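A.B. asks: Handing you this structure, nothing more for now.
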Amino acid sequence: MAAYNGERFIKQQIDSILCQLNSEDELIISDDGSTDKTLEIINSIQDNRIKVFNHEKENSHKDEYSSFRYATFNFENAIKNAKGDYIFLTDQDDLWLKDKVKKCLELFKTYDCVVHNYQVIDENGNVIKNQFWNKNPLHKSLFMNVLDNHFRGCCMEFKTSFLKEILPFDKDIIGHDYWIGSLLSYFGKVYYEMEPLMQYRSYTGTVSAYKKTSLAYKLHHRYYLYKSVLKRIKQIKNQGKNENE
């Protein structure tokens, strides 16, 4: 979980997660310098499965899209500190539905990465949309998964055995989920679960609602993402060749 000034909803989200974990699991929370009661709320829960790490924001790319980058590398910090066999990405203001973990673990017997559908709720928890996607939104080709990218981080889980492919993040990307999803769609076996397994909270104030990007910016970002992903794929392949020589 990447956290930043999430005092309003973070307790509800943590409660929806912890009830699905066993004693050996962990909830990694990377905090980006919260100035509200976020850390106080987390510490008050007093559950030894919760592990909090501080993340120092990188200000070298200070622009109107900085919030996206802050969240992206806050997630990278959380991922770097995870020790389990599977990583479930989660936002601070959503809610996990019952048996999300159980159902994903079953799918991991066959797949390397699970992406699932979701419900949309408002700030009061009222369901706005019961099922966001009516068909699998992912594509078979890497190019289309970059161009028409529907990897939503809060709906993604993957095996930690793929960390060598995704870490470190490219320093200029603005979407951790786009980066991870694109690489896993190439290197791993990805499955899209049509059943909603979490509730995505839509309200003014979320990072995703922060900025409506222009078409030109979206195309620029997709182009850069595609180049970065291809570069990483080439690096991984060359590394594999060198190890086999």
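In the structure tokens, chains take letters A, B, ... by order of appearance, with residues numbered from 1 within each chain and ligands from 1 in the order shown.
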Among segment 14-177 of chain A, which ones does DSSP assign to strand (DSSP E) (computed from the backbone)? Answer as a ChimeraX atom specification.

C.D. replies: /A:27-31,50-54,86-88,95-96,113-121,127-129,156-159

A.B. asks: Ranking A:Leu97, A:Ile128, A:Leu147, A:Leu142 by minimum distance to Tyr224 of chain A and counting only C-alpha atoms, which one comes first?

C.D. replies: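 Under the stated criterion, the closest residue is A:Leu147.
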
A.B. asks: Report as a ChimeraX atom specification all protein, DNA and RNA residues lying within 6 Å of Gly181 of chain A, evaluated on only C-alpha atoms, omitting residues in the same chain fewer than 4 positions from it.

C.D. replies: /A:151,177,185

A.B. asks: Residues of segment 37-185 of chain A classed as helix (DSSP H, G or I) by DSSP on the backbone are to be reported as a CSV table (one decimal) with N, CA, C and O atoms, in the first residue's frame.

C.D. replies:
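Printed below is out_34.csv as written:
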chain,number,residue,atom,x,y,z
A,38,THR,N,-2.6,10.0,9.3
A,38,THR,CA,-2.5,8.7,8.6
A,38,THR,C,-1.6,7.8,9.5
A,38,THR,O,-2.0,6.7,9.8
A,39,LEU,N,-0.4,8.2,9.8
A,39,LEU,CA,0.5,7.3,10.6
A,39,LEU,C,-0.1,7.0,12.0
A,39,LEU,O,0.1,5.9,12.5
A,40,GLU,N,-0.7,8.0,12.6
A,40,GLU,CA,-1.3,7.8,13.9
A,40,GLU,C,-2.4,6.7,13.9
A,40,GLU,O,-2.5,5.9,14.7
A,41,ILE,N,-3.2,6.8,12.8
A,41,ILE,CA,-4.3,5.8,12.6
A,41,ILE,C,-3.7,4.4,12.4
A,41,ILE,O,-4.1,3.4,13.0
A,42,ILE,N,-2.6,4.3,11.6
A,42,ILE,CA,-2.0,3.0,11.3
A,42,ILE,C,-1.4,2.4,12.6
A,42,ILE,O,-1.6,1.2,12.9
A,43,ASN,N,-0.7,3.2,13.3
A,43,ASN,CA,-0.1,2.8,14.5
A,43,ASN,C,-1.1,2.4,15.6
A,43,ASN,O,-0.8,1.5,16.4
A,44,SER,N,-2.2,3.0,15.6
A,44,SER,CA,-3.2,2.7,16.6
A,44,SER,C,-3.8,1.3,16.4
A,44,SER,O,-4.4,0.7,17.3
A,45,ILE,N,-3.7,0.7,15.2
A,45,ILE,CA,-4.3,-0.6,14.9
A,45,ILE,C,-3.5,-1.7,15.7
A,45,ILE,O,-4.1,-2.7,16.1
A,66,SER,N,3.4,15.6,-11.0
A,66,SER,CA,4.2,15.1,-9.9
A,66,SER,C,3.5,14.1,-9.0
A,66,SER,O,4.1,13.1,-8.5
A,67,SER,N,2.2,14.3,-8.8
A,67,SER,CA,1.5,13.4,-7.9
A,67,SER,C,1.5,12.0,-8.4
A,67,SER,O,1.5,11.1,-7.6
A,68,PHE,N,1.4,11.8,-9.7
A,68,PHE,CA,1.5,10.5,-10.3
A,68,PHE,C,2.8,9.8,-10.0
A,68,PHE,O,2.9,8.7,-9.7
A,69,ARG,N,3.9,10.6,-10.2
A,69,ARG,CA,5.2,10.1,-10.0
A,69,ARG,C,5.5,9.8,-8.5
A,69,ARG,O,6.1,8.8,-8.2
A,70,TYR,N,5.0,10.6,-7.6
A,70,TYR,CA,5.1,10.4,-6.2
A,70,TYR,C,4.5,9.0,-5.8
A,70,TYR,O,5.1,8.2,-5.1
A,71,ALA,N,3.3,8.8,-6.3
A,71,ALA,CA,2.6,7.6,-6.0
A,71,ALA,C,3.3,6.4,-6.6
A,71,ALA,O,3.5,5.3,-6.0
A,72,THR,N,3.8,6.5,-7.8
A,72,THR,CA,4.5,5.4,-8.5
A,72,THR,C,5.7,5.0,-7.7
A,72,THR,O,5.9,3.8,-7.5
A,73,PHE,N,6.6,5.9,-7.3
A,73,PHE,CA,7.8,5.5,-6.6
A,73,PHE,C,7.6,5.2,-5.1
A,73,PHE,O,8.4,4.6,-4.5
A,74,ASN,N,6.4,5.7,-4.6
A,74,ASN,CA,6.0,5.2,-3.3
A,74,ASN,C,5.7,3.8,-3.3
A,74,ASN,O,6.0,3.0,-2.4
A,75,PHE,N,5.0,3.3,-4.4
A,75,PHE,CA,4.7,1.9,-4.5
A,75,PHE,C,6.0,1.1,-4.7
A,75,PHE,O,6.1,0.0,-4.2
A,76,GLU,N,6.9,1.7,-5.5
A,76,GLU,CA,8.2,0.9,-5.7
A,76,GLU,C,8.8,0.7,-4.3
A,76,GLU,O,9.4,-0.4,-4.1
A,77,ASN,N,8.8,1.7,-3.4
A,77,ASN,CA,9.4,1.5,-2.1
A,77,ASN,C,8.7,0.4,-1.3
A,77,ASN,O,9.4,-0.4,-0.7
A,78,ALA,N,7.4,0.3,-1.4
A,78,ALA,CA,6.6,-0.7,-0.7
A,78,ALA,C,7.0,-2.1,-1.3
A,78,ALA,O,7.2,-3.0,-0.6
A,79,ILE,N,7.1,-2.2,-2.6
A,79,ILE,CA,7.4,-3.5,-3.3
A,79,ILE,C,8.8,-3.9,-2.9
A,79,ILE,O,9.0,-5.1,-2.6
A,80,LYS,N,9.7,-3.0,-2.8
A,80,LYS,CA,11.1,-3.4,-2.5
A,80,LYS,C,11.2,-4.0,-1.1
A,80,LYS,O,12.1,-4.8,-0.8
A,100,LYS,N,-11.2,-12.0,-1.6
A,100,LYS,CA,-10.3,-11.6,-2.6
A,100,LYS,C,-9.0,-12.4,-2.6
A,100,LYS,O,-8.5,-12.9,-3.6
A,101,VAL,N,-8.4,-12.4,-1.4
A,101,VAL,CA,-7.1,-13.1,-1.3
A,101,VAL,C,-7.2,-14.6,-1.6
A,101,VAL,O,-6.4,-15.2,-2.4
A,102,LYS,N,-8.2,-15.2,-1.1
A,102,LYS,CA,-8.5,-16.7,-1.3
A,102,LYS,C,-8.6,-17.0,-2.8
A,102,LYS,O,-8.0,-18.0,-3.3
A,103,LYS,N,-9.4,-16.2,-3.5
A,103,LYS,CA,-9.7,-16.4,-4.9
A,103,LYS,C,-8.4,-16.2,-5.7
A,103,LYS,O,-8.1,-16.9,-6.7
A,104,CYS,N,-7.6,-15.2,-5.4
A,104,CYS,CA,-6.4,-14.9,-6.1
A,104,CYS,C,-5.4,-16.0,-5.9
A,104,CYS,O,-4.7,-16.4,-6.9
A,105,LEU,N,-5.2,-16.5,-4.7
A,105,LEU,CA,-4.3,-17.5,-4.4
A,105,LEU,C,-4.6,-18.8,-5.2
A,105,LEU,O,-3.7,-19.5,-5.6
A,106,GLU,N,-5.9,-19.1,-5.4
A,106,GLU,CA,-6.3,-20.2,-6.2
A,106,GLU,C,-5.8,-20.0,-7.6
A,106,GLU,O,-5.4,-21.0,-8.3
A,107,LEU,N,-6.0,-18.8,-8.1
A,107,LEU,CA,-5.6,-18.5,-9.5
A,107,LEU,C,-4.1,-18.6,-9.7
A,107,LEU,O,-3.6,-18.9,-10.8
A,142,LEU,N,1.8,-7.0,-26.6
A,142,LEU,CA,2.5,-6.0,-25.8
A,142,LEU,C,2.2,-4.6,-26.2
A,142,LEU,O,1.9,-3.7,-25.4
A,143,PHE,N,2.3,-4.3,-27.5
A,143,PHE,CA,2.0,-3.0,-28.1
A,143,PHE,C,0.6,-2.5,-27.7
A,143,PHE,O,0.5,-1.3,-27.3
A,144,MET,N,-0.4,-3.3,-27.8
A,144,MET,CA,-1.8,-2.9,-27.5
A,144,MET,C,-1.9,-2.7,-26.0
A,144,MET,O,-2.7,-1.8,-25.6
A,145,ASN,N,-1.3,-3.5,-25.2
A,145,ASN,CA,-1.4,-3.3,-23.8
A,145,ASN,C,-0.7,-2.0,-23.3
A,145,ASN,O,-1.1,-1.5,-22.3
A,146,VAL,N,0.2,-1.5,-24.1
A,146,VAL,CA,0.8,-0.2,-23.8
A,146,VAL,C,-0.1,0.9,-24.3
A,146,VAL,O,-0.4,1.9,-23.6
A,147,LEU,N,-0.5,0.8,-25.6
A,147,LEU,CA,-1.3,1.8,-26.2
A,147,LEU,C,-2.7,2.0,-25.5
A,147,LEU,O,-3.1,3.1,-25.2
A,153,GLY,N,-3.6,-0.6,-10.9
A,153,GLY,CA,-2.8,-1.2,-9.8
A,153,GLY,C,-3.5,-1.8,-8.7
A,153,GLY,O,-3.1,-2.8,-8.2
A,154,CYS,N,-4.6,-1.1,-8.2
A,154,CYS,CA,-5.3,-1.7,-7.1
A,154,CYS,C,-6.1,-3.0,-7.4
A,154,CYS,O,-6.6,-3.6,-6.5
A,155,CYS,N,-6.0,-3.4,-8.6
A,155,CYS,CA,-6.6,-4.7,-9.0
A,155,CYS,C,-5.6,-5.7,-9.5
A,155,CYS,O,-5.9,-6.6,-10.2
A,160,THR,N,6.3,-12.7,-6.6
A,160,THR,CA,7.5,-12.0,-6.4
A,160,THR,C,8.7,-12.5,-7.2
A,160,THR,O,9.7,-11.8,-7.3
A,161,SER,N,8.5,-13.7,-7.8
A,161,SER,CA,9.6,-14.2,-8.7
A,161,SER,C,9.8,-13.3,-9.9
A,161,SER,O,10.8,-13.5,-10.6
A,162,PHE,N,8.9,-12.4,-10.2
A,162,PHE,CA,9.0,-11.5,-11.3
A,162,PHE,C,9.6,-10.1,-11.0
A,162,PHE,O,9.6,-9.2,-11.8
A,163,LEU,N,10.0,-10.0,-9.7
A,163,LEU,CA,10.6,-8.7,-9.3
A,163,LEU,C,11.8,-8.3,-10.1
A,163,LEU,O,12.1,-7.2,-10.3
A,164,LYS,N,12.5,-9.3,-10.5
A,164,LYS,CA,13.8,-9.1,-11.3
A,164,LYS,C,13.5,-8.4,-12.6
A,164,LYS,O,14.3,-7.8,-13.2
A,165,GLU,N,12.2,-8.6,-13.1
A,165,GLU,CA,11.9,-8.0,-14.4
A,165,GLU,C,11.3,-6.6,-14.2
A,165,GLU,O,11.5,-5.7,-15.1
A,166,ILE,N,10.7,-6.3,-13.1
A,166,ILE,CA,10.1,-5.0,-12.9
A,166,ILE,C,10.9,-4.0,-12.1
A,166,ILE,O,10.6,-2.8,-12.2
A,176,HIS,N,3.1,3.2,-12.1
A,176,HIS,CA,3.6,1.9,-11.7
A,176,HIS,C,2.8,0.7,-12.3
A,176,HIS,O,3.4,-0.3,-12.6
A,177,ASP,N,1.5,0.9,-12.3
A,177,ASP,CA,0.7,-0.2,-12.8
A,177,ASP,C,0.8,-0.4,-14.3
A,177,ASP,O,0.9,-1.6,-14.8
A,178,TYR,N,1.0,0.6,-15.1
A,178,TYR,CA,1.3,0.5,-16.5
A,178,TYR,C,2.6,-0.2,-16.8
A,178,TYR,O,2.7,-1.1,-17.6
A,179,TRP,N,3.6,0.1,-16.0
A,179,TRP,CA,4.9,-0.5,-16.1
A,179,TRP,C,4.9,-1.9,-15.8
A,179,TRP,O,5.3,-2.8,-16.5
A,180,ILE,N,4.3,-2.3,-14.6
A,180,ILE,CA,4.3,-3.6,-14.1
A,180,ILE,C,3.4,-4.5,-15.1
A,180,ILE,O,3.8,-5.6,-15.5
A,181,GLY,N,2.3,-4.0,-15.4
A,181,GLY,CA,1.3,-4.8,-16.2
A,181,GLY,C,1.9,-5.1,-17.6
A,181,GLY,O,1.8,-6.2,-18.1
A,182,SER,N,2.6,-4.1,-18.2
A,182,SER,CA,3.1,-4.3,-19.5
A,182,SER,C,4.2,-5.3,-19.5
A,182,SER,O,4.3,-6.2,-20.4
A,183,LEU,N,5.1,-5.3,-18.5
A,183,LEU,CA,6.2,-6.2,-18.4
A,183,LEU,C,5.7,-7.6,-18.1
A,183,LEU,O,6.2,-8.6,-18.7
A,184,LEU,N,4.7,-7.7,-17.2
A,184,LEU,CA,4.2,-9.1,-16.9
A,184,LEU,C,3.4,-9.7,-18.0
A,184,LEU,O,3.4,-10.9,-18.1
A,185,SER,N,2.8,-8.8,-18.8
A,185,SER,CA,2.1,-9.4,-20.0
A,185,SER,C,3.0,-10.0,-21.0
A,185,SER,O,2.6,-10.8,-21.8

A.B. asks: For Glu123 of chain A, which residue among A:Ile233, A:Met198, A:Leu138, A:Leu95 is the nearest when counting only C-alpha atoms?

C.D. replies: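 That would be A:Leu95, the residue with the smallest distance to Glu123 of chain A.
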
A.B. asks: Need the shell around Gly84 of chain A: protein/DNA/RNA residues with any atom at most 8 Å away, counting only C-alpha atoms. Skip same-chain ones fewer than 3 positions apart. Format as a list in words?

C.D. replies: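 What passes the distance filter is Asp25, Glu26, Ile87 and Thr160 of chain A.
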
A.B. asks: Please write the residues from the selection above to a file, keeping N, CA, C and O atoms, as a compact mmCIF listing (two decimals), in the first residue's frame.

C.D. replies:
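Here's the written file selection.txt:
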# COMPACT_ATOMS: atom_id res chain seq x y z
N ASP A 25 1.38 -13.55 6.80
CA ASP A 25 1.28 -12.49 5.79
C ASP A 25 1.72 -11.15 6.37
O ASP A 25 1.88 -11.00 7.59
N GLU A 26 1.90 -10.18 5.50
CA GLU A 26 2.29 -8.85 5.94
C GLU A 26 1.57 -7.79 5.11
O GLU A 26 1.24 -8.01 3.95
N ILE A 87 2.56 -10.50 -4.26
CA ILE A 87 2.36 -9.09 -3.94
C ILE A 87 1.00 -8.65 -4.44
O ILE A 87 0.67 -8.82 -5.62
N THR A 160 6.26 -12.71 -6.65
CA THR A 160 7.49 -11.96 -6.42
C THR A 160 8.66 -12.50 -7.24
O THR A 160 9.69 -11.84 -7.34

A.B. asks: Which residue out of A:Glu243, A:Asp148, A:Glu193, A:Glu56 has the minimum interatomic distance to Tyr226 of chain A when only C-alpha atoms are used?

C.D. replies: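 Counting only C-alpha atoms, the residue closest to Tyr226 of chain A is A:Asp148.
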
A.B. asks: Show which residues sit within 9 Å of His116 of chain A, as a list in words. Count only C-alpha atoms, and ignore same-chain residues fewer than 2 positions away.

C.D. replies: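 After dropping sequence-adjacent residues, the list is Val114, Tyr118, Arg152, Cys155, Met156, Glu157, Tyr191, Tyr192, Glu193, Met194, Glu195, Pro196, Leu197 and Met198 of chain A.
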
A.B. asks: With only C-alpha atoms as the atoms that count, which of A:Asn124, A:Gln46, A:Asn5, A:Gln20 lies nearest to Gly33 of chain A?

C.D. replies: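 Among A:Asn124, A:Gln46, A:Asn5, A:Gln20, it is A:Asn5 that comes nearest to Gly33 of chain A.
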
A.B. asks: In Å, how far is it from atom CA of Leu18 of chain A to atom CA of Trp133 of chain A?

C.D. replies: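 The value is 26.8 Å.
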
A.B. asks: Find the residue from A:Asn126, A:Val52, A:Lys189, A:Asp91 that sits nearest to Cys113 of chain A; use only C-alpha atoms when measuring.

C.D. replies: A:Lys189

A.B. asks: For segment 173-199 of chain A versus segment 214-222 of chain A, which residues have an atom no more than 10 Å away, and what is each residue's nearest atom pair and distance in Å rounded to one decimal, using only C-alpha atoms, chain-then-number order, as JSON lines?

C.D. replies:
{"residue": "A:Ile173", "atom": "CA", "partner": "A:His221", "partner_atom": "CA", "distance": 7.9}
{"residue": "A:Ile174", "atom": "CA", "partner": "A:His221", "partner_atom": "CA", "distance": 8.1}
{"residue": "A:Gly175", "atom": "CA", "partner": "A:His221", "partner_atom": "CA", "distance": 9.3}
{"residue": "A:Tyr178", "atom": "CA", "partner": "A:Arg222", "partner_atom": "CA", "distance": 9.2}

A.B. asks: Take the selection from the previous step and output its residues with all heavy atoms, as a PDB file, in the first residue's frame.

C.D. replies:
ATOM      1  N   ILE A 173       8.978   6.960 -15.582  1.00  0.00           N
ATOM      2  CA  ILE A 173       7.597   6.534 -15.790  1.00  0.00           C
ATOM      3  C   ILE A 173       6.689   7.237 -14.779  1.00  0.00           C
ATOM      4  O   ILE A 173       7.132   7.660 -13.708  1.00  0.00           O
ATOM      5  CB  ILE A 173       7.430   5.004 -15.653  1.00  0.00           C
ATOM      6  CG1 ILE A 173       7.797   4.534 -14.237  1.00  0.00           C
ATOM      7  CG2 ILE A 173       8.246   4.285 -16.707  1.00  0.00           C
ATOM      8  CD1 ILE A 173       7.421   3.093 -13.967  1.00  0.00           C
ATOM      9  N   ILE A 174       5.397   7.364 -15.112  1.00  0.00           N
ATOM     10  CA  ILE A 174       4.462   7.989 -14.186  1.00  0.00           C
ATOM     11  C   ILE A 174       3.364   7.025 -13.736  1.00  0.00           C
ATOM     12  O   ILE A 174       2.491   7.408 -12.980  1.00  0.00           O
ATOM     13  CB  ILE A 174       3.813   9.253 -14.788  1.00  0.00           C
ATOM     14  CG1 ILE A 174       2.943   8.881 -16.001  1.00  0.00           C
ATOM     15  CG2 ILE A 174       4.856  10.294 -15.144  1.00  0.00           C
ATOM     16  CD1 ILE A 174       2.063  10.018 -16.471  1.00  0.00           C
ATOM     17  N   GLY A 175       3.430   5.788 -14.197  1.00  0.00           N
ATOM     18  CA  GLY A 175       2.407   4.823 -13.798  1.00  0.00           C
ATOM     19  C   GLY A 175       3.016   3.477 -13.429  1.00  0.00           C
ATOM     20  O   GLY A 175       3.451   2.735 -14.317  1.00  0.00           O
ATOM     21  N   TYR A 178       0.994   0.633 -15.106  1.00  0.00           N
ATOM     22  CA  TYR A 178       1.254   0.494 -16.539  1.00  0.00           C
ATOM     23  C   TYR A 178       2.575  -0.236 -16.773  1.00  0.00           C
ATOM     24  O   TYR A 178       2.687  -1.105 -17.636  1.00  0.00           O
ATOM     25  CB  TYR A 178       1.322   1.870 -17.208  1.00  0.00           C
ATOM     26  CG  TYR A 178       0.003   2.590 -17.351  1.00  0.00           C
ATOM     27  CD1 TYR A 178      -1.168   2.075 -16.795  1.00  0.00           C
ATOM     28  CD2 TYR A 178      -0.085   3.789 -18.056  1.00  0.00           C
ATOM     29  CE1 TYR A 178      -2.368   2.732 -16.926  1.00  0.00           C
ATOM     30  CE2 TYR A 178      -1.285   4.450 -18.198  1.00  0.00           C
ATOM     31  CZ  TYR A 178      -2.428   3.923 -17.627  1.00  0.00           C
ATOM     32  OH  TYR A 178      -3.618   4.584 -17.778  1.00  0.00           O
TER      33      TYR A 178
END

A.B. asks: Can you work out the spacing between atom CA of Gly6 of chain A and atom CA of Phe88 of chain A in Å, to one decimal?

C.D. replies: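 Atom CA of Phe88 of chain A lies at a distance of 18.7 Å from atom CA of Gly6 of chain A.
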
A.B. asks: Which residue is closest to Asn136 of chain A? Choose from A:Val120, A:Val190, A:Leu89, A:Leu27 and count only C-alpha atoms.

C.D. replies: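 Closest candidate: A:Val190.
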
A.B. asks: Using atom CA of Val229 of chain A and atom CA of Lys159 of chain A as the two end points, give the distance in Å to one decimal.

C.D. replies: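 These atoms are spaced 18.9 Å apart.
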